[in-house]
Amino acid sequence: MVATAAQMAGEATAVVIVKKFCLTGAASMCAESATFPIDMAKTRLQLQGEPGFTGTKFGFFGMLQNVARSEGLVGLYVGITPAVVRHIPYTGFRAIGYEYIRKLFCGDDPSKASILAKAASGMTAGGIAQAIAVPCDLVKVRMMGDGRLVAAGKLDKPRYTGLVHAFQTIYRAEGWRGMYAGCGPAIQRAALVNLGELTTYDTAKGYFVTVLGDNIGCHLCSAVCSGFFAALCSTPADVAKSRIMNQARQADGSLMYSGTLDCWVKTVRSEGFLALYKGFLPGWMRLGPWQLVFWCTYEQLRIATGLGGFR
C-alpha cells in the first residue's frame, strides 16, 4: 500500500510538471510572437558600431523603419522560428525549475523564501535553461544579423534558409563547438535576466497579491516590475552575447572577441561605457510587454486548468 501511494504521488507530480511545461510553452510562444520585432531592433542596435561597421547608425524607431523599408515587413520577423522554438525548453525549464529549486531553500511554503534564496533560484534556473537552448539562440541572432549584412551588400543572400538548414550548416562548418558559440555570455545573460525577472515577479507578486488579490491586476503590476529589472540586470551581457554569437572568423582565422570580458573591454574602449547598454530601451520595451503577455497568459492558463496561480 505504501509503495502504491508513493507511486501514485510520483505519477501525480509528473502529470503536474508536464502540464506546467505545456502551459509555459503556450504562454511563451504568445509572448515571443507579440514582441519579436522589438527584439529584432534591439539585436541590430547592439551589432551596429562594431569594428568594421559601416553605414548609418539608427536609433530604435529608426532601426524599425529601416528594416521595414529595406527588407519589408517580413524582415521584422527574420529569426522568429528559432526564437519561438528556443522558448519551449528555455521558459519551460526556468519557470518550473525555479519553483522546485526554491523549495530547496524554503520547503513547500514560498512565503518563507528570502530575497537571496529567490535570487539564487532564479539565476540557477535561468542559467541551466539557457544551456539547453543555446543552439536556437545562436541561429536566431545570426539570422537577424544576416539581414543587416545583405542590406549593406556584404552578403549576397542570408546564410541560412531556415532553422533546420542553419543547424546543419553550422554543425558541418563549425561542429558542436560552433553550435554553442557564445554560450558563456548567453548563460550569463539568462542568469541575470532571471535574477531580475523571476526574483522580481515572485517578490512583487507577494506584495501586490495582498493589496489587489490574485487577479489580472496583480499579475500586470508584477510583470511590469519584472520587465524593468530584467532589462537592467541583463543588457551588458546581452550586448556581449549578440556580438559573440554574430561574429565570423576573420581572414587569419581569429575571432574578434574571445569571451564576455574581452568583448566588454573592446566595446568600452572603442565606443564608451554606455555602449554596454545599447538596446536597453528596446530591451525594456520588449521585456516589459513580454513579461506582461507571458505572466498574464501563464497565470490565467494555470487557473483555467486547475493548477492555481503561480506561487
# chains A, B, ... in the order shown; residues from 1 in each chain; ligands from 1
$ select_by_dssp --residues "range 5-93 of chain A" --states "alpha helix (DSSP H)" --output "NGL selection string"
:A and (5-47 or 60-71 or 80-93)
$ closest_atom_pairs --of "range 95-172 of chain A" --to "range 247-265 of chain A" --cutoff "12 Å" --atoms "only C-alpha atoms" --output "CSV"
residue,atom,partner,partner_atom,distance
A:Leu138,CA,A:Gln247,CA,10.7
A:Val141,CA,A:Gln247,CA,10.1
A:Arg142,CA,A:Gln247,CA,8.6
A:Gly145,CA,A:Gln247,CA,9.5
A:Asp146,CA,A:Gln247,CA,11.0
A:Leu149,CA,A:Gln247,CA,12.0
A:Arg159,CA,A:Ala248,CA,11.8
A:Ile170,CA,A:Ala248,CA,11.5
$ residues_around --residues "Arg311 in chain A" --least-positions-apart "5" --cutoff "9 Å" --atoms "only C-alpha atoms" --output "list in words"
Glu99, Pro110, Ser111, Asp202, Lys205 and Gly206 of chain A
$ write_last_selection --atoms "N, CA, C and O atoms" --output "mmCIF file, in the first residue's frame"
data_model
loop_
_atom_site.group_PDB
_atom_site.id
_atom_site.type_symbol
_atom_site.label_atom_id
_atom_site.label_comp_id
_atom_site.auth_asym_id
_atom_site.auth_seq_id
_atom_site.Cartn_x
_atom_site.Cartn_y
_atom_site.Cartn_z
ATOM 1 N N GLU A 99 10.478 27.033 -9.332
ATOM 2 C CA GLU A 99 9.602 26.606 -8.238
ATOM 3 C C GLU A 99 10.247 25.492 -7.409
ATOM 4 O O GLU A 99 10.200 25.506 -6.173
ATOM 5 N N PRO A 110 6.378 29.067 -0.015
ATOM 6 C CA PRO A 110 7.149 30.092 -0.717
ATOM 7 C C PRO A 110 7.312 31.386 0.073
ATOM 8 O O PRO A 110 8.269 32.126 -0.140
ATOM 9 N N SER A 111 6.380 31.659 0.991
ATOM 10 C CA SER A 111 6.451 32.904 1.757
ATOM 11 C C SER A 111 7.673 32.947 2.672
ATOM 12 O O SER A 111 8.081 34.017 3.131
ATOM 13 N N ASP A 202 8.259 37.198 -8.456
ATOM 14 C CA ASP A 202 7.885 36.455 -7.243
ATOM 15 C C ASP A 202 7.730 37.411 -6.059
ATOM 16 O O ASP A 202 6.752 37.355 -5.306
ATOM 17 N N LYS A 205 4.823 40.021 -6.716
ATOM 18 C CA LYS A 205 3.506 39.403 -6.574
ATOM 19 C C LYS A 205 3.183 39.168 -5.102
ATOM 20 O O LYS A 205 2.018 39.300 -4.683
ATOM 21 N N GLY A 206 4.198 38.821 -4.309
ATOM 22 C CA GLY A 206 3.974 38.627 -2.886
ATOM 23 C C GLY A 206 3.409 39.878 -2.222
ATOM 24 O O GLY A 206 2.634 39.789 -1.262
#
$ closest_residue --among "A:Gly288, A:Gly309, A:Gly25, A:Gly162" --to "Cys221 in chain A" --atoms "only C-alpha atoms"
A:Gly288
$ closest_residue --among "A:Glu197, A:Asp156, A:Glu71, A:Asp137" --to "Ala119 in chain A" --atoms "only C-alpha atoms"
A:Glu197
$ residues_around --residues "Phe228 in chain A" --least-positions-apart "6" --cutoff "8 Å" --atoms "only C-alpha atoms" --output "MDAnalysis selection string"
chainID A and resid 196 284 287:288
$ residues_around --residues "range 188-195 of chain A" --least-positions-apart "5" --cutoff "9 Å" --atoms "only C-alpha atoms" --output "PyMOL selection string"
chain A and resi 94+118-130+183+200+227+229-238+240-241
$ atom_distance --atom1 "CA of Ala166 in chain A" --atom2 "CA of Pro135 in chain A"
9.8 Å
$ residues_around --residues "Leu64 in chain A" --least-positions-apart "2" --cutoff "10 Å" --atoms "only C-alpha atoms" --output "count of residues only"
18
$ atom_distance --atom1 "CA of Val84 in chain A" --atom2 "CA of Leu47 in chain A"
21.5 Å
$ atom_distance --atom1 "CA of Leu23 in chain A" --atom2 "CA of Phe93 in chain A"
11.7 Å
$ closest_atom_pairs --of "range 149-240 of chain A" --to "range 290-293 of chain A" --cutoff "8 Å" --atoms "only C-alpha atoms" --output "JSON lines"
{"residue": "A:His219", "atom": "CA", "partner": "A:Leu292", "partner_atom": "CA", "distance": 7.7}
{"residue": "A:Leu220", "atom": "CA", "partner": "A:Leu292", "partner_atom": "CA", "distance": 5.9}
{"residue": "A:Ala223", "atom": "CA", "partner": "A:Leu292", "partner_atom": "CA", "distance": 5.0}
{"residue": "A:Val224", "atom": "CA", "partner": "A:Leu292", "partner_atom": "CA", "distance": 6.5}
{"residue": "A:Ser226", "atom": "CA", "partner": "A:Gln291", "partner_atom": "CA", "distance": 6.9}
{"residue": "A:Gly227", "atom": "CA", "partner": "A:Gln291", "partner_atom": "CA", "distance": 5.9}
